[in-house]
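File shown: my_file_11.pdb. Contents: PDB, C-alpha atoms, pLDDT in the B column.
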ATOM      1  CA  MET A   1      14.076   9.949  12.328  1.00 62.00           C
ATOM      2  CA  THR A   2      13.781  12.968  10.092  1.00 80.00           C
ATOM      3  CA  ALA A   3      10.573  14.015   8.409  1.00 93.00           C
ATOM      4  CA  LEU A   4       9.612  11.937   5.393  1.00 96.00           C
ATOM      5  CA  ASN A   5       7.983  12.967   2.125  1.00 97.00           C
ATOM      6  CA  LEU A   6       5.114  10.822   0.881  1.00 98.00           C
ATOM      7  CA  TRP A   7       2.807  10.693  -2.100  1.00 98.00           C
ATOM      8  CA  LEU A   8      -0.850   9.786  -1.586  1.00 98.00           C
ATOM      9  CA  HIS A   9      -2.014   8.021  -4.752  1.00 97.00           C
ATOM     10  CA  ASP A  10      -5.573   8.360  -6.037  1.00 96.00           C
ATOM     11  CA  GLU A  11      -6.221   4.955  -7.607  1.00 95.00           C
ATOM     12  CA  LEU A  12      -8.112   2.477  -5.464  1.00 96.00           C
ATOM     13  CA  LEU A  13      -6.332  -0.820  -4.773  1.00 96.00           C
ATOM     14  CA  ALA A  14      -7.382  -4.231  -3.529  1.00 94.00           C
ATOM     15  CA  VAL A  15      -5.491  -6.933  -1.655  1.00 95.00           C
ATOM     16  CA  GLY A  16      -6.392 -10.558  -2.168  1.00 91.00           C
ATOM     17  CA  VAL A  17      -5.289 -14.000  -1.139  1.00 90.00           C
ATOM     18  CA  VAL A  18      -5.179 -16.490  -3.982  1.00 84.00           C
ATOM     19  CA  PRO A  19      -5.510 -20.256  -3.506  1.00 76.00           C
ATOM     20  CA  ALA A  20      -2.381 -22.226  -4.345  1.00 68.00           C
ATOM     21  CA  HIS A  21      -4.077 -23.915  -7.324  1.00 66.00           C
ATOM     22  CA  ALA A  22      -5.147 -20.641  -9.006  1.00 67.00           C
ATOM     23  CA  ASN A  23      -3.148 -18.999 -11.773  1.00 65.00           C
ATOM     24  CA  LEU A  24      -4.482 -15.465 -11.488  1.00 65.00           C
ATOM     25  CA  ALA A  25      -2.954 -12.161 -12.541  1.00 65.00           C
ATOM     26  CA  LEU A  26      -5.125  -9.075 -12.172  1.00 64.00           C
ATOM     27  CA  THR A  27      -3.431  -6.219 -13.963  1.00 64.00           C
ATOM     28  CA  GLY A  28      -4.560  -3.045 -15.617  1.00 64.00           C
ATOM     29  CA  GLY A  29      -5.596   0.429 -14.632  1.00 67.00           C
ATOM     30  CA  ASN A  30      -3.064   2.923 -13.369  1.00 75.00           C
ATOM     31  CA  ALA A  31      -2.120   1.157 -10.157  1.00 87.00           C
ATOM     32  CA  PRO A  32       0.892   2.803  -8.532  1.00 90.00           C
ATOM     33  CA  ILE A  33       1.886  -0.598  -7.178  1.00 91.00           C
ATOM     34  CA  HIS A  34       0.719  -4.107  -8.044  1.00 87.00           C
ATOM     35  CA  GLY A  35       2.077  -7.594  -7.875  1.00 85.00           C
ATOM     36  CA  SER A  36       2.215 -10.696  -5.747  1.00 85.00           C
ATOM     37  CA  LEU A  37       4.095 -12.168  -2.823  1.00 86.00           C
ATOM     38  CA  THR A  38       4.218 -15.901  -2.254  1.00 84.00           C
ATOM     39  CA  THR A  39       4.877 -17.765   0.979  1.00 84.00           C
ATOM     40  CA  SER A  40       4.249 -21.336   2.025  1.00 80.00           C
ATOM     41  CA  ALA A  41       0.863 -20.139   3.311  1.00 78.00           C
ATOM     42  CA  GLY A  42      -0.309 -18.820  -0.074  1.00 80.00           C
ATOM     43  CA  ARG A  43      -0.075 -15.981  -2.553  1.00 86.00           C
ATOM     44  CA  THR A  44      -1.068 -12.411  -1.736  1.00 90.00           C
ATOM     45  CA  ILE A  45      -1.829 -10.064  -4.607  1.00 89.00           C
ATOM     46  CA  VAL A  46      -2.176  -6.274  -4.807  1.00 92.00           C
ATOM     47  CA  PHE A  47      -4.156  -5.056  -7.798  1.00 91.00           C
ATOM     48  CA  PRO A  48      -6.511  -2.307  -8.997  1.00 92.00           C
ATOM     49  CA  HIS A  49      -9.767  -2.402  -7.040  1.00 93.00           C
ATOM     50  CA  SER A  50     -11.641  -1.934 -10.319  1.00 90.00           C
ATOM     51  CA  LEU A  51     -10.731  -5.564 -11.115  1.00 87.00           C
ATOM     52  CA  ALA A  52     -11.994  -7.012  -7.803  1.00 87.00           C
ATOM     53  CA  ALA A  53     -15.145  -8.436  -9.397  1.00 85.00           C
ATOM     54  CA  GLU A  54     -12.936 -10.449 -11.780  1.00 81.00           C
ATOM     55  CA  ALA A  55     -11.047 -12.149  -8.938  1.00 78.00           C
ATOM     56  CA  GLY A  56     -13.580 -14.972  -8.610  1.00 78.00           C
ATOM     57  CA  ARG A  57     -15.147 -16.774  -5.679  1.00 81.00           C
ATOM     58  CA  ASP A  58     -11.935 -18.498  -4.584  1.00 79.00           C
ATOM     59  CA  VAL A  59     -10.090 -15.223  -3.939  1.00 83.00           C
ATOM     60  CA  ARG A  60     -10.682 -13.393  -0.675  1.00 90.00           C
ATOM     61  CA  VAL A  61     -10.473  -9.656  -1.454  1.00 93.00           C
ATOM     62  CA  GLU A  62     -10.112  -6.695   0.906  1.00 96.00           C
ATOM     63  CA  GLY A  63     -10.330  -3.049  -0.017  1.00 96.00           C
ATOM     64  CA  PRO A  64     -10.550  -0.514  -1.407  1.00 98.00           C
ATOM     65  CA  PHE A  65      -7.248   0.962  -0.264  1.00 98.00           C
ATOM     66  CA  ARG A  66      -5.195   3.986  -1.252  1.00 98.00           C
ATOM     67  CA  ALA A  67      -1.410   3.899  -1.329  1.00 98.00           C
ATOM     68  CA  LEU A  68       0.991   6.168   0.514  1.00 98.00           C
ATOM     69  CA  GLU A  69       4.422   5.948  -1.130  1.00 97.00           C
ATOM     70  CA  VAL A  70       7.523   7.118   0.703  1.00 96.00           C
ATOM     71  CA  GLN A  71       9.456   9.232  -1.777  1.00 93.00           C
ATOM     72  CA  GLY A  72      12.632   7.306  -2.440  1.00 92.00           C
ATOM     73  CA  PRO A  73      14.964   5.831  -3.170  1.00 90.00           C
ATOM     74  CA  LEU A  74      15.723   4.951   0.424  1.00 92.00           C
ATOM     75  CA  ASP A  75      19.163   3.819   1.527  1.00 89.00           C
ATOM     76  CA  PHE A  76      19.174   0.276   2.918  1.00 89.00           C
ATOM     77  CA  ALA A  77      21.098   1.533   5.978  1.00 88.00           C
ATOM     78  CA  LEU A  78      18.200   3.738   7.111  1.00 89.00           C
ATOM     79  CA  THR A  79      16.298   2.555  10.164  1.00 90.00           C
ATOM     80  CA  GLY A  80      12.954   3.485  11.641  1.00 91.00           C
ATOM     81  CA  ILE A  81      11.239   4.509   8.394  1.00 93.00           C
ATOM     82  CA  LEU A  82       8.117   2.412   8.880  1.00 95.00           C
ATOM     83  CA  ALA A  83       8.043   3.016  12.637  1.00 95.00           C
ATOM     84  CA  ALA A  84       8.006   6.783  12.072  1.00 95.00           C
ATOM     85  CA  LEU A  85       4.931   6.364   9.880  1.00 97.00           C
ATOM     86  CA  LEU A  86       3.084   3.447  11.438  1.00 97.00           C
ATOM     87  CA  VAL A  87       3.128   4.610  15.066  1.00 97.00           C
ATOM     88  CA  PRO A  88       1.149   7.811  14.356  1.00 98.00           C
ATOM     89  CA  LEU A  89      -1.283   5.855  12.167  1.00 98.00           C
ATOM     90  CA  ALA A  90      -1.751   3.192  14.851  1.00 98.00           C
ATOM     91  CA  ASP A  91      -2.268   5.870  17.494  1.00 98.00           C
ATOM     92  CA  ALA A  92      -5.021   7.313  15.263  1.00 98.00           C
ATOM     93  CA  GLY A  93      -6.651   3.888  14.852  1.00 98.00           C
ATOM     94  CA  ILE A  94      -5.884   3.602  11.126  1.00 98.00           C
ATOM     95  CA  SER A  95      -5.205   0.061   9.940  1.00 98.00           C
ATOM     96  CA  VAL A  96      -2.476  -0.526   7.358  1.00 98.00           C
ATOM     97  CA  PHE A  97      -1.113  -3.044   4.888  1.00 97.00           C
ATOM     98  CA  THR A  98       2.586  -2.413   4.245  1.00 97.00           C
ATOM     99  CA  LEU A  99       4.840  -3.356   1.364  1.00 95.00           C
ATOM    100  CA  SER A 100       8.462  -2.674   0.628  1.00 94.00           C
ATOM    101  CA  THR A 101      10.163  -2.536  -2.738  1.00 93.00           C
ATOM    102  CA  PHE A 102      13.862  -2.293  -3.455  1.00 94.00           C
ATOM    103  CA  ASP A 103      13.713   1.524  -3.463  1.00 94.00           C
ATOM    104  CA  THR A 104      11.014   2.479  -0.977  1.00 96.00           C
ATOM    105  CA  ASP A 105       8.168   1.595   1.376  1.00 95.00           C
ATOM    106  CA  TRP A 106       4.428   1.659   0.697  1.00 97.00           C
ATOM    107  CA  ILE A 107       1.539   1.877   3.123  1.00 98.00           C
ATOM    108  CA  LEU A 108      -1.955   0.931   2.008  1.00 98.00           C
ATOM    109  CA  VAL A 109      -4.726   2.468   4.117  1.00 98.00           C
ATOM    110  CA  PRO A 110      -8.477   2.006   3.804  1.00 98.00           C
ATOM    111  CA  ALA A 111      -9.689   4.439   1.132  1.00 98.00           C
ATOM    112  CA  ASP A 112     -12.176   6.041   3.511  1.00 98.00           C
ATOM    113  CA  ALA A 113      -9.347   6.792   5.963  1.00 98.00           C
ATOM    114  CA  ALA A 114      -6.805   8.097   3.425  1.00 98.00           C
ATOM    115  CA  GLU A 115      -7.362  11.800   4.046  1.00 98.00           C
ATOM    116  CA  LYS A 116      -7.278  11.260   7.804  1.00 98.00           C
ATOM    117  CA  ALA A 117      -4.029   9.292   7.382  1.00 98.00           C
ATOM    118  CA  ALA A 118      -2.528  12.193   5.411  1.00 98.00           C
ATOM    119  CA  ASP A 119      -3.582  14.624   8.159  1.00 98.00           C
ATOM    120  CA  VAL A 120      -2.144  12.382  10.896  1.00 98.00           C
ATOM    121  CA  LEU A 121       1.192  12.020   9.094  1.00 98.00           C
ATOM    122  CA  THR A 122       1.362  15.757   8.423  1.00 98.00           C
ATOM    123  CA  ALA A 123       0.705  16.442  12.117  1.00 98.00           C
ATOM    124  CA  ALA A 124       3.561  14.028  12.910  1.00 97.00           C
ATOM    125  CA  GLY A 125       5.936  16.225  10.877  1.00 97.00           C
ATOM    126  CA  HIS A 126       5.865  14.450   7.508  1.00 98.00           C
ATOM    127  CA  THR A 127       4.851  15.908   4.144  1.00 98.00           C
ATOM    128  CA  VAL A 128       2.063  14.254   2.142  1.00 98.00           C
ATOM    129  CA  GLU A 129       1.356  15.308  -1.442  1.00 97.00           C
ATOM    130  CA  ALA A 130      -1.483  14.095  -3.666  1.00 95.00           C
ATOM    131  CA  ARG A 131      -0.312  12.163  -6.685  1.00 89.00           C
TER     132      ARG A 131
END

Write-out of the structure in structure tokens:
Amino acid sequence: MTALNLWLHDELLAVGVVPAHANLALTGGNAPIHGSLTTSAGRTIVFPHSLAAEAGRDVRVEGPFRALEVQGPLDFALTGILAALLVPLADAGISVFTLSTFDTDWILVPADAAEKAADVLTAAGHTVEAR
């Protein structure tokens, strides 16, 4: 895998799990990524951490996180993108929450570990720029 270019976004994000009966959309701020994913087990949402207090008692919220965005678009035929990024982070003991969009991959890391994550990825041969 060749070296990857990433952007480290400043805005703090949260991840929550929403009960099936709730109709909740937490939007606003300048979130570089936000939205929801639904499975038979429930709905997971990514939203600005500044809105976490508005989530309510029924929503379990984790965060704050900062987002690392792989500069894309990425070709669907590429392999090993996440492995090239996640292995160094795992070796450094940095937990992650990953997301993929049509064009690229995103890695959410705990906000207090974001600078360390950038250093680890740089040491692994990748480029990380503040955004």

Legend entry - Selection dump of the PyMOL selection byres ((chain A and resi 104) around 12), as a ChimeraX atom specification: /A:4-7,33,68-76,78,81-82,98-103,105-107

Legend entry - Given all atoms listed in the file as the counted atoms, nearest of A:Val120, A:Ala111, A:Leu13, A:Ala67 to A:Leu89: A:Val120

Inset, instruction - Find the residues around A:Leu121 up to 12 Å (only C-alpha atoms counted), leave out those fewer than 2 positions away in its own chain, and share them as a count of residues only. - result: 34

Inset, instruction - Would you kindly return, as a ChimeraX atom specification, each protein, DNA or RNA residue with an atom no farther than 7 Å from any atom of A:Ala31, considering only C-alpha atoms and excluding same-chain residues fewer than 6 positions away? - result: /A:11,47-48

Inset, instruction - One decimal, Å: what's the distance from atom CA of A:Ala77 over to atom CA of A:Thr44, could you say? - result: 27.3 Å

Legend entry - Between atom CA of A:Val17 and atom CA of A:Ser36 - distance in Å to one decimal: 9.4 Å

Picked residues, the PyMOL selection byres ((chain A and resi 63) around 9), expected as an mmCIF file with C-alpha atoms, keeping the file's coordinate frame:
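After the write, out.cif holds the following:
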data_model
loop_
_atom_site.group_PDB
_atom_site.id
_atom_site.type_symbol
_atom_site.label_atom_id
_atom_site.label_comp_id
_atom_site.auth_asym_id
_atom_site.auth_seq_id
_atom_site.Cartn_x
_atom_site.Cartn_y
_atom_site.Cartn_z
ATOM 1 C CA LEU A 12 -8.112 2.477 -5.464
ATOM 2 C CA LEU A 13 -6.332 -0.820 -4.773
ATOM 3 C CA ALA A 14 -7.382 -4.231 -3.529
ATOM 4 C CA VAL A 15 -5.491 -6.933 -1.655
ATOM 5 C CA GLY A 16 -6.392 -10.558 -2.168
ATOM 6 C CA HIS A 49 -9.767 -2.402 -7.040
ATOM 7 C CA ALA A 52 -11.994 -7.012 -7.803
ATOM 8 C CA VAL A 61 -10.473 -9.656 -1.454
ATOM 9 C CA GLU A 62 -10.112 -6.695 0.906
ATOM 10 C CA PRO A 64 -10.550 -0.514 -1.407
ATOM 11 C CA PHE A 65 -7.248 0.962 -0.264
ATOM 12 C CA ARG A 66 -5.195 3.986 -1.252
ATOM 13 C CA VAL A 109 -4.726 2.468 4.117
ATOM 14 C CA PRO A 110 -8.477 2.006 3.804
ATOM 15 C CA ALA A 111 -9.689 4.439 1.132
#

Inset, instruction - One decimal, Å: what's the distance from atom CA of A:His9 over to atom CA of A:Gly56, could you say? - result: 26.0 Å

Inset, instruction - Go through the shown structure with the PyMOL selection byres ((chain A and resi 35) around 6) and write out the matching residues as a PyMOL selection string. - result: chain A and resi 34+36+45-46

Legend entry - Nearest to A:Ala113 by atom-to-atom distance, counting all atoms listed in the file, from A:Pro32, A:Ser95, A:Ala55, A:Ser40: A:Ser95
